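The structure appears right after this line, and notes come after that.
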Amino acid sequence: MGQPHVVTGMDAISAGLRHPGLKQALYDEGAVIMDGTLLTLHGEAHRRRRVLEFRVFRKDFFHWYERTVFPATLRASMAGDIAAGRSELVDLGYRVTMNLTADFAGIDRPDQTQEETESLLRLVAVFSEGATIIHSTRPKDVVRDEVRAAIADFEPRFLAPSVARRRALLARLDAGEITEDDLPRDVLTVILQKGDPDEFTPDMLTREIAFYLQAGAHSTANSTIHAFHDIYSWAEAEPARWTRLRDDPVFFQRCVHESLRLHPASPVAWRTATCPMDLPEAGSVAEGDTVEFRLAEANRDRALFGDDADIFNPERQVAPPTLPFGHTFGTGVHTCLGRDLDGGVVPRGAVDPETHQYGTITLFLRDLFARGARQTPDDPPRLATHTARKNWGHYPIVFDPAREWT
Ligand code: HEM
């Protein structure tokens with residue numbers, strides 16, 4: 001592969017990622033786990049799959065999910081930490097988001113224990129390394145063997161029982177014993193009910209569900225911890241800010257969006273040209289060329305976000321159509337399906353705080369701060385050392401009763 005064409009401007013990225021002649025390029029080497037999944041499909045095949053799976057991601061559903069399912073998932077995942085009065089945010093963040101993502105993918109956790117969540121997390125970590133094998137410094141065949149072993153564990157232990165339970169429910173639906181409303185609302189159910197069985201062979205189904213588990217878990221966990229850190233540091237600098245954070249949940253969501261802008265989980269998107277084309281900023285692109293869209297760089301464009309674009313400033317005004325989180329969730333045909341789930345609806349003008357959809361990151365963080373979460377003075381957070389990405393590796397917190405929101 002030659003040097004990629006590089007695109008860094010917000011508008012040039014918006015135009016480029018909408019070009020129908022560009023196809024996904026980041027996961028070619030990770031085919032062992034990514035082949036044929038939504039994120040790698042192109043053209044009509046992608047459109048059909050996206051329409052099918054989008055059924056799970058409708059707005060009315062997020063609203064219901066935020067108010068009913070998510071609080072219960074959060075409570076169950078945090079019970080031990082609350083009782084202990086302390087937690088480690090990387091571990092907690094991954095456990096909460098793993099359960100959240102498994103709800104959406106359609107993977108049951110019958111034991112509902114921390115050990116079960118941790119097993120799932122270990123498997124998903126292997127899937128993710130396989131997906132982004134292009135960045136791995138380890139021998140690629142070793143990574144691929146580990147992925148095959150993880151699939152061999154995941155399939156009988158998690159996927160097969162989840163499929164069996166849903167097939168039984170679908171049979172009861174066909175028999176008129178239950179209604180559509182009694183079905184779980186998740187990607188697996190939609191595929192089993194409406195997907196083409198020739199398309200979703202057993203191996204394809206495994207890869208698609210494994211893809212959903214990785215798509216949601218790592219990005220949400222890392223983004224949540226970054227947002228905790230940004231918001232906590234900002235509020236500690238001027239303690240009156242805590243009152244505003246407590247009393248104004250819409251402003252709190254604005255803070256989460258500002259943090260998402262600064263720390264996009266996928267700093268770049270890659271595409272390959274399927275035909276010769278002209279792209280804004282890149283110019284003339286030949287068939288087979290790769291284009292690198294630098295999402296993280298665009299998110300710090302001073303012309304759009306001001307001279308302080310590199311720092312966390314939730315007071316900044318961002319003029320539409322630029323989104324307050326920039327290109328963090330991608331754009332164009334592969335725009336993240338979990339965007340509104342995690343980030344909520346972007347307020348346009350005044351919104352009713354009672355009915356507004358905030359997104360799970362805001363809800364999770366508000367819950368933590370309401371319980372008095374703060375850094376542990378004698379054990380400061382540390383960045384992860386096992387990855388080139390600037391993510392938190394160790395983030396101890398305590399729940400201080402004196403700082404609870406009343
Ligand atoms: C803060 C959290 C998240 C971030 C920053 C994020 C970011 C992204 C980005 C940048 C893309 C596009 C990649 C590309 O164009 O090559 C993407 C795609 C996707 N994301 Fe997310 N994501 C997040 C959470 C989630 C969650 C929670 C889910 C599911 C529950 C999810 C499901 C998906 C799916 C299904 C796609 C593929 C869409 C398609 O190819 O049509 N994401 N995400």
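Here, A, B, ... name the chains of the structure tokens in the order displayed, residue numbers run from 1 inside each chain, and ligands are numbered from 1 in the same displayed order.
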
Return as a ChimeraX atom specification the full set of residues in region 228-299 of chain A whose backbone-based DSSP assignment is alpha helix (DSSP H). /A:228-236,240-247,249-262,295-298

Nearby residues, ligand 1, 6 Å, only C-alpha atoms and all ligand atoms, as a PyMOL selection string: chain A and resi 38-39+50+101+104+212+215-216+219-220+223+264-266+269+328-330+333-338+342

Would you save the residues from that selection as a PDB file, in the first residue's frame, using N, CA and C atoms?
ATOM      1  N   LEU A  38     -21.199  -5.348   9.461  1.00  0.00           N
ATOM      2  CA  LEU A  38     -21.787  -4.089   8.995  1.00  0.00           C
ATOM      3  C   LEU A  38     -20.734  -3.038   8.640  1.00  0.00           C
ATOM      4  N   LEU A  39     -19.753  -2.874   9.513  1.00  0.00           N
ATOM      5  CA  LEU A  39     -18.770  -1.800   9.336  1.00  0.00           C
ATOM      6  C   LEU A  39     -17.915  -1.998   8.086  1.00  0.00           C
ATOM      7  N   ARG A  50     -27.776  -2.280   7.191  1.00  0.00           N
ATOM      8  CA  ARG A  50     -27.962  -1.154   8.117  1.00  0.00           C
ATOM      9  C   ARG A  50     -29.458  -0.915   8.376  1.00  0.00           C
ATOM     10  N   THR A 101     -23.674  -2.827  26.201  1.00  0.00           N
ATOM     11  CA  THR A 101     -23.525  -3.238  24.807  1.00  0.00           C
ATOM     12  C   THR A 101     -24.097  -4.629  24.578  1.00  0.00           C
ATOM     13  N   PHE A 104     -27.720  -4.513  23.912  1.00  0.00           N
ATOM     14  CA  PHE A 104     -28.064  -4.130  22.547  1.00  0.00           C
ATOM     15  C   PHE A 104     -27.737  -5.201  21.531  1.00  0.00           C
ATOM     16  N   TYR A 212     -20.593  -6.101  17.207  1.00  0.00           N
ATOM     17  CA  TYR A 212     -21.389  -5.167  18.021  1.00  0.00           C
ATOM     18  C   TYR A 212     -20.816  -5.060  19.433  1.00  0.00           C
ATOM     19  N   ALA A 215     -17.772  -2.912  19.129  1.00  0.00           N
ATOM     20  CA  ALA A 215     -18.058  -1.540  18.668  1.00  0.00           C
ATOM     21  C   ALA A 215     -18.508  -0.685  19.848  1.00  0.00           C
ATOM     22  N   GLY A 216     -19.303  -1.282  20.748  1.00  0.00           N
ATOM     23  CA  GLY A 216     -19.853  -0.482  21.839  1.00  0.00           C
ATOM     24  C   GLY A 216     -18.974  -0.410  23.067  1.00  0.00           C
ATOM     25  N   SER A 219     -15.115   1.770  23.122  1.00  0.00           N
ATOM     26  CA  SER A 219     -15.249   3.198  22.852  1.00  0.00           C
ATOM     27  C   SER A 219     -16.024   3.875  23.976  1.00  0.00           C
ATOM     28  N   THR A 220     -17.100   3.233  24.435  1.00  0.00           N
ATOM     29  CA  THR A 220     -17.913   3.869  25.480  1.00  0.00           C
ATOM     30  C   THR A 220     -17.133   3.939  26.793  1.00  0.00           C
ATOM     31  N   SER A 223     -14.368   6.608  26.563  1.00  0.00           N
ATOM     32  CA  SER A 223     -14.946   7.960  26.488  1.00  0.00           C
ATOM     33  C   SER A 223     -15.515   8.378  27.845  1.00  0.00           C
ATOM     34  N   PRO A 264     -11.766  11.417  20.592  1.00  0.00           N
ATOM     35  CA  PRO A 264     -12.540  10.460  19.774  1.00  0.00           C
ATOM     36  C   PRO A 264     -11.927   9.065  19.882  1.00  0.00           C
ATOM     37  N   ALA A 265     -12.784   8.065  20.115  1.00  0.00           N
ATOM     38  CA  ALA A 265     -12.287   6.700  20.295  1.00  0.00           C
ATOM     39  C   ALA A 265     -11.598   6.190  19.031  1.00  0.00           C
ATOM     40  N   SER A 266     -12.080   6.629  17.863  1.00  0.00           N
ATOM     41  CA  SER A 266     -11.407   6.270  16.602  1.00  0.00           C
ATOM     42  C   SER A 266     -10.822   7.554  16.029  1.00  0.00           C
ATOM     43  N   ALA A 269     -10.489   7.465  10.246  1.00  0.00           N
ATOM     44  CA  ALA A 269     -11.255   6.492   9.457  1.00  0.00           C
ATOM     45  C   ALA A 269     -10.478   6.295   8.160  1.00  0.00           C
ATOM     46  N   THR A 328     -16.485  12.744  16.117  1.00  0.00           N
ATOM     47  CA  THR A 328     -16.172  11.607  16.990  1.00  0.00           C
ATOM     48  C   THR A 328     -16.956  10.348  16.644  1.00  0.00           C
ATOM     49  N   PHE A 329     -18.205  10.491  16.220  1.00  0.00           N
ATOM     50  CA  PHE A 329     -19.003   9.311  15.880  1.00  0.00           C
ATOM     51  C   PHE A 329     -18.994   9.026  14.378  1.00  0.00           C
ATOM     52  N   GLY A 330     -18.030   9.596  13.659  1.00  0.00           N
ATOM     53  CA  GLY A 330     -17.965   9.385  12.219  1.00  0.00           C
ATOM     54  C   GLY A 330     -19.063  10.168  11.516  1.00  0.00           C
ATOM     55  N   VAL A 333     -22.292   7.200   5.481  1.00  0.00           N
ATOM     56  CA  VAL A 333     -23.078   5.956   5.544  1.00  0.00           C
ATOM     57  C   VAL A 333     -22.708   5.064   6.739  1.00  0.00           C
ATOM     58  N   HIS A 334     -21.469   5.192   7.233  1.00  0.00           N
ATOM     59  CA  HIS A 334     -21.071   4.343   8.372  1.00  0.00           C
ATOM     60  C   HIS A 334     -21.185   5.081   9.711  1.00  0.00           C
ATOM     61  N   THR A 335     -21.901   6.211   9.749  1.00  0.00           N
ATOM     62  CA  THR A 335     -22.047   6.938  11.022  1.00  0.00           C
ATOM     63  C   THR A 335     -22.447   5.965  12.122  1.00  0.00           C
ATOM     64  N   CYS A 336     -21.845   6.160  13.293  1.00  0.00           N
ATOM     65  CA  CYS A 336     -22.055   5.249  14.423  1.00  0.00           C
ATOM     66  C   CYS A 336     -23.543   5.065  14.752  1.00  0.00           C
ATOM     67  N   LEU A 337     -23.970   3.820  14.842  1.00  0.00           N
ATOM     68  CA  LEU A 337     -25.365   3.562  15.215  1.00  0.00           C
ATOM     69  C   LEU A 337     -25.594   3.771  16.711  1.00  0.00           C
ATOM     70  N   GLY A 338     -24.524   3.779  17.494  1.00  0.00           N
ATOM     71  CA  GLY A 338     -24.669   3.960  18.945  1.00  0.00           C
ATOM     72  C   GLY A 338     -24.582   5.420  19.369  1.00  0.00           C
ATOM     73  N   ASP A 342     -25.247   6.646  23.263  1.00  0.00           N
ATOM     74  CA  ASP A 342     -24.185   7.089  24.171  1.00  0.00           C
ATOM     75  C   ASP A 342     -24.208   8.593  24.411  1.00  0.00           C
TER      76      ASP A 342
END

At a cut-off of 10 Å, using only C-alpha atoms, what residues contact region 276-290 of chain A? Leave out same-chain residues fewer than 2 positions from it and give the result as a short mmCIF file (atom, residue, chain, number, x, y, z; two decimals) with N, CA and C atoms, in the first residue's frame.
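The file below, selection-v4.cif, is the result:
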data_model
loop_
_atom_site.label_atom_id
_atom_site.label_comp_id
_atom_site.auth_asym_id
_atom_site.auth_seq_id
_atom_site.Cartn_x
_atom_site.Cartn_y
_atom_site.Cartn_z
N MET A 1 0.83 -1.20 0.00
CA MET A 1 0.00 0.00 0.00
C MET A 1 0.87 1.25 0.00
N GLY A 2 0.58 2.21 -0.92
CA GLY A 2 1.34 3.46 -0.92
C GLY A 2 0.89 4.35 0.22
N GLN A 3 1.48 5.55 0.25
CA GLN A 3 1.08 6.51 1.29
C GLN A 3 -0.39 6.89 1.11
N PRO A 4 -1.18 6.94 2.18
CA PRO A 4 -2.57 7.34 2.01
C PRO A 4 -2.69 8.83 1.71
N HIS A 5 -3.76 9.20 1.02
CA HIS A 5 -4.13 10.61 0.93
C HIS A 5 -4.67 10.99 2.30
N VAL A 6 -4.36 12.21 2.75
CA VAL A 6 -4.79 12.60 4.10
C VAL A 6 -5.81 13.74 4.00
N VAL A 7 -6.91 13.59 4.73
CA VAL A 7 -7.94 14.64 4.76
C VAL A 7 -8.17 15.02 6.22
N THR A 8 -8.05 16.33 6.52
CA THR A 8 -8.15 16.75 7.92
C THR A 8 -9.26 17.76 8.19
N GLY A 9 -9.81 18.39 7.16
CA GLY A 9 -10.81 19.45 7.38
C GLY A 9 -12.19 18.87 7.70
N ASP A 11 -15.26 19.86 6.89
CA ASP A 11 -16.17 19.75 5.75
C ASP A 11 -15.66 18.75 4.72
N ALA A 12 -14.33 18.75 4.52
CA ALA A 12 -13.76 17.80 3.54
C ALA A 12 -14.00 16.37 4.01
N ILE A 13 -13.95 16.14 5.31
CA ILE A 13 -14.22 14.80 5.85
C ILE A 13 -15.69 14.46 5.64
N SER A 14 -16.57 15.43 5.92
CA SER A 14 -18.01 15.18 5.73
C SER A 14 -18.29 14.79 4.28
N ALA A 15 -17.66 15.50 3.34
CA ALA A 15 -17.90 15.20 1.92
C ALA A 15 -17.27 13.86 1.56
N GLY A 16 -16.04 13.64 1.99
CA GLY A 16 -15.32 12.42 1.61
C GLY A 16 -16.01 11.17 2.12
N LEU A 17 -16.43 11.18 3.39
CA LEU A 17 -17.04 9.97 3.96
C LEU A 17 -18.44 9.71 3.40
N HIS A 19 -18.80 9.87 0.00
CA HIS A 19 -18.56 9.49 -1.40
C HIS A 19 -18.88 8.00 -1.59
N GLY A 21 -18.05 5.97 -3.75
CA GLY A 21 -16.98 5.13 -4.32
C GLY A 21 -15.89 4.76 -3.32
N LEU A 22 -16.05 5.17 -2.06
CA LEU A 22 -15.04 4.83 -1.06
C LEU A 22 -15.55 3.71 -0.17
N LYS A 23 -14.72 2.66 0.01
CA LYS A 23 -15.17 1.58 0.91
C LYS A 23 -14.24 1.45 2.10
N GLN A 24 -14.78 0.87 3.15
CA GLN A 24 -14.05 0.70 4.41
C GLN A 24 -12.69 0.03 4.17
N ALA A 25 -11.63 0.51 4.86
CA ALA A 25 -10.30 -0.08 4.61
C ALA A 25 -9.57 -0.46 5.89
N LEU A 26 -10.10 -0.07 7.04
CA LEU A 26 -9.30 -0.24 8.27
C LEU A 26 -9.26 -1.68 8.76
N TRP A 270 -10.45 5.06 7.69
CA TRP A 270 -9.73 4.78 6.44
C TRP A 270 -10.69 4.26 5.40
N ARG A 271 -10.46 4.63 4.15
CA ARG A 271 -11.27 4.13 3.05
C ARG A 271 -10.36 3.83 1.86
N THR A 272 -10.82 2.92 0.99
CA THR A 272 -10.13 2.64 -0.28
C THR A 272 -11.02 3.08 -1.43
N ALA A 273 -10.42 3.69 -2.45
CA ALA A 273 -11.20 4.14 -3.61
C ALA A 273 -11.51 2.95 -4.52
N THR A 274 -12.80 2.77 -4.84
CA THR A 274 -13.19 1.67 -5.75
C THR A 274 -13.19 2.14 -7.20
N GLU A 292 -6.98 8.57 4.26
CA GLU A 292 -7.06 8.60 5.74
C GLU A 292 -7.79 9.88 6.15
N PHE A 293 -8.91 9.72 6.83
CA PHE A 293 -9.68 10.86 7.32
C PHE A 293 -9.34 11.06 8.79
#

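In this model, the gap between CA of Leu170 (chain A) and CA of Asp182 (chain A) comes to 9.8 Å.
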
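Each of A:Ala373, A:Arg67, A:Ile33, A:Pro20 was checked against His46 (chain A) using only C-alpha atoms; the smallest atom-to-atom distance is that of A:Pro20.
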
Could you write out, as a PyMOL selection string, all the residues of region 155-394 of chain A that DSSP marks as strand (DSSP E)? chain A and resi 268-273+277-279+283-285+290-294+373-375+382-383+392-394

Near Ala164 (chain A), counting only C-alpha atoms, which residues have an atom at most 12 Å away, once you skip same-chain residues fewer than 2 positions from it, shown as a PyMOL selection string? chain A and resi 106-108+155-162+166-171+188-189+192

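Taking only C-alpha atoms, the non-local environment of region 145-153 of chain A within 7 Å (same-chain residues fewer than 6 positions away omitted) comprises Leu123, Val126, Phe127 and Gly130 of chain A.
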
Report as number ranges by chain all protein, DNA and RNA residues lying within 10 Å of Gly393 (chain A), evaluated on only C-alpha atoms, omitting residues in the same chain fewer than 2 positions from it. A: 88-91, 222, 225, 381-387, 390-391, 395-396

Mind checking which residues fall within 10 Å of region 376-380 of chain A, counting only C-alpha atoms, ignoring those fewer than 6 positions away in the same chain, and posting them as a list in words? Arg86, Ser87, Glu88, His394, Tyr395, Pro396, Ile397, Val398, Phe399 and Asp400 of chain A

Give me a file of those residues, with N, CA and C atoms, as a PDB file, in the first residue's frame.
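To be explicit, this is the file written out as out.pdb:
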ATOM      1  N   ARG A  86     -15.625   2.609  47.248  1.00  0.00           N
ATOM      2  CA  ARG A  86     -14.565   2.997  46.310  1.00  0.00           C
ATOM      3  C   ARG A  86     -14.652   2.140  45.062  1.00  0.00           C
ATOM      4  N   SER A  87     -13.949   2.567  44.027  1.00  0.00           N
ATOM      5  CA  SER A  87     -13.979   1.783  42.793  1.00  0.00           C
ATOM      6  C   SER A  87     -12.752   2.136  41.952  1.00  0.00           C
ATOM      7  N   GLU A  88     -12.581   1.383  40.905  1.00  0.00           N
ATOM      8  CA  GLU A  88     -11.531   1.698  39.932  1.00  0.00           C
ATOM      9  C   GLU A  88     -12.282   1.897  38.619  1.00  0.00           C
ATOM     10  N   HIS A 394      -5.538   3.366  34.828  1.00  0.00           N
ATOM     11  CA  HIS A 394      -5.813   3.113  36.251  1.00  0.00           C
ATOM     12  C   HIS A 394      -6.422   4.391  36.815  1.00  0.00           C
ATOM     13  N   TYR A 395      -7.674   4.300  37.283  1.00  0.00           N
ATOM     14  CA  TYR A 395      -8.349   5.521  37.712  1.00  0.00           C
ATOM     15  C   TYR A 395      -9.162   5.239  38.985  1.00  0.00           C
ATOM     16  N   PRO A 396      -8.455   5.244  40.133  1.00  0.00           N
ATOM     17  CA  PRO A 396      -9.173   4.946  41.380  1.00  0.00           C
ATOM     18  C   PRO A 396     -10.074   6.105  41.807  1.00  0.00           C
ATOM     19  N   ILE A 397     -11.260   5.790  42.296  1.00  0.00           N
ATOM     20  CA  ILE A 397     -12.162   6.816  42.843  1.00  0.00           C
ATOM     21  C   ILE A 397     -12.715   6.345  44.192  1.00  0.00           C
ATOM     22  N   VAL A 398     -13.141   7.316  44.986  1.00  0.00           N
ATOM     23  CA  VAL A 398     -13.875   6.981  46.218  1.00  0.00           C
ATOM     24  C   VAL A 398     -15.242   7.664  46.152  1.00  0.00           C
ATOM     25  N   PHE A 399     -16.186   7.088  46.897  1.00  0.00           N
ATOM     26  CA  PHE A 399     -17.501   7.719  47.010  1.00  0.00           C
ATOM     27  C   PHE A 399     -17.528   8.432  48.356  1.00  0.00           C
ATOM     28  N   ASP A 400     -17.457   9.765  48.301  1.00  0.00           N
ATOM     29  CA  ASP A 400     -17.333  10.561  49.513  1.00  0.00           C
ATOM     30  C   ASP A 400     -18.732  11.053  49.932  1.00  0.00           C
TER      31      ASP A 400
END

Between CA of Asp186 (chain A) and CA of Val51 (chain A), measure the distance and give it in Å to one decimal.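 Between these atoms lies a distance of 13.9 Å.
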
Looking at A:Glu315, A:Asp307, A:Phe62, A:Val345, which one is nearest to Arg241 (chain A), with distances taken over only C-alpha atoms? A:Glu315

My list of candidates is A:Thr113, A:Thr243, A:Gln214, A:Thr224. Which is closest to Phe364 (chain A) when distances are computed with only C-alpha atoms?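 So, comparing all the options, the nearest one is A:Thr224.
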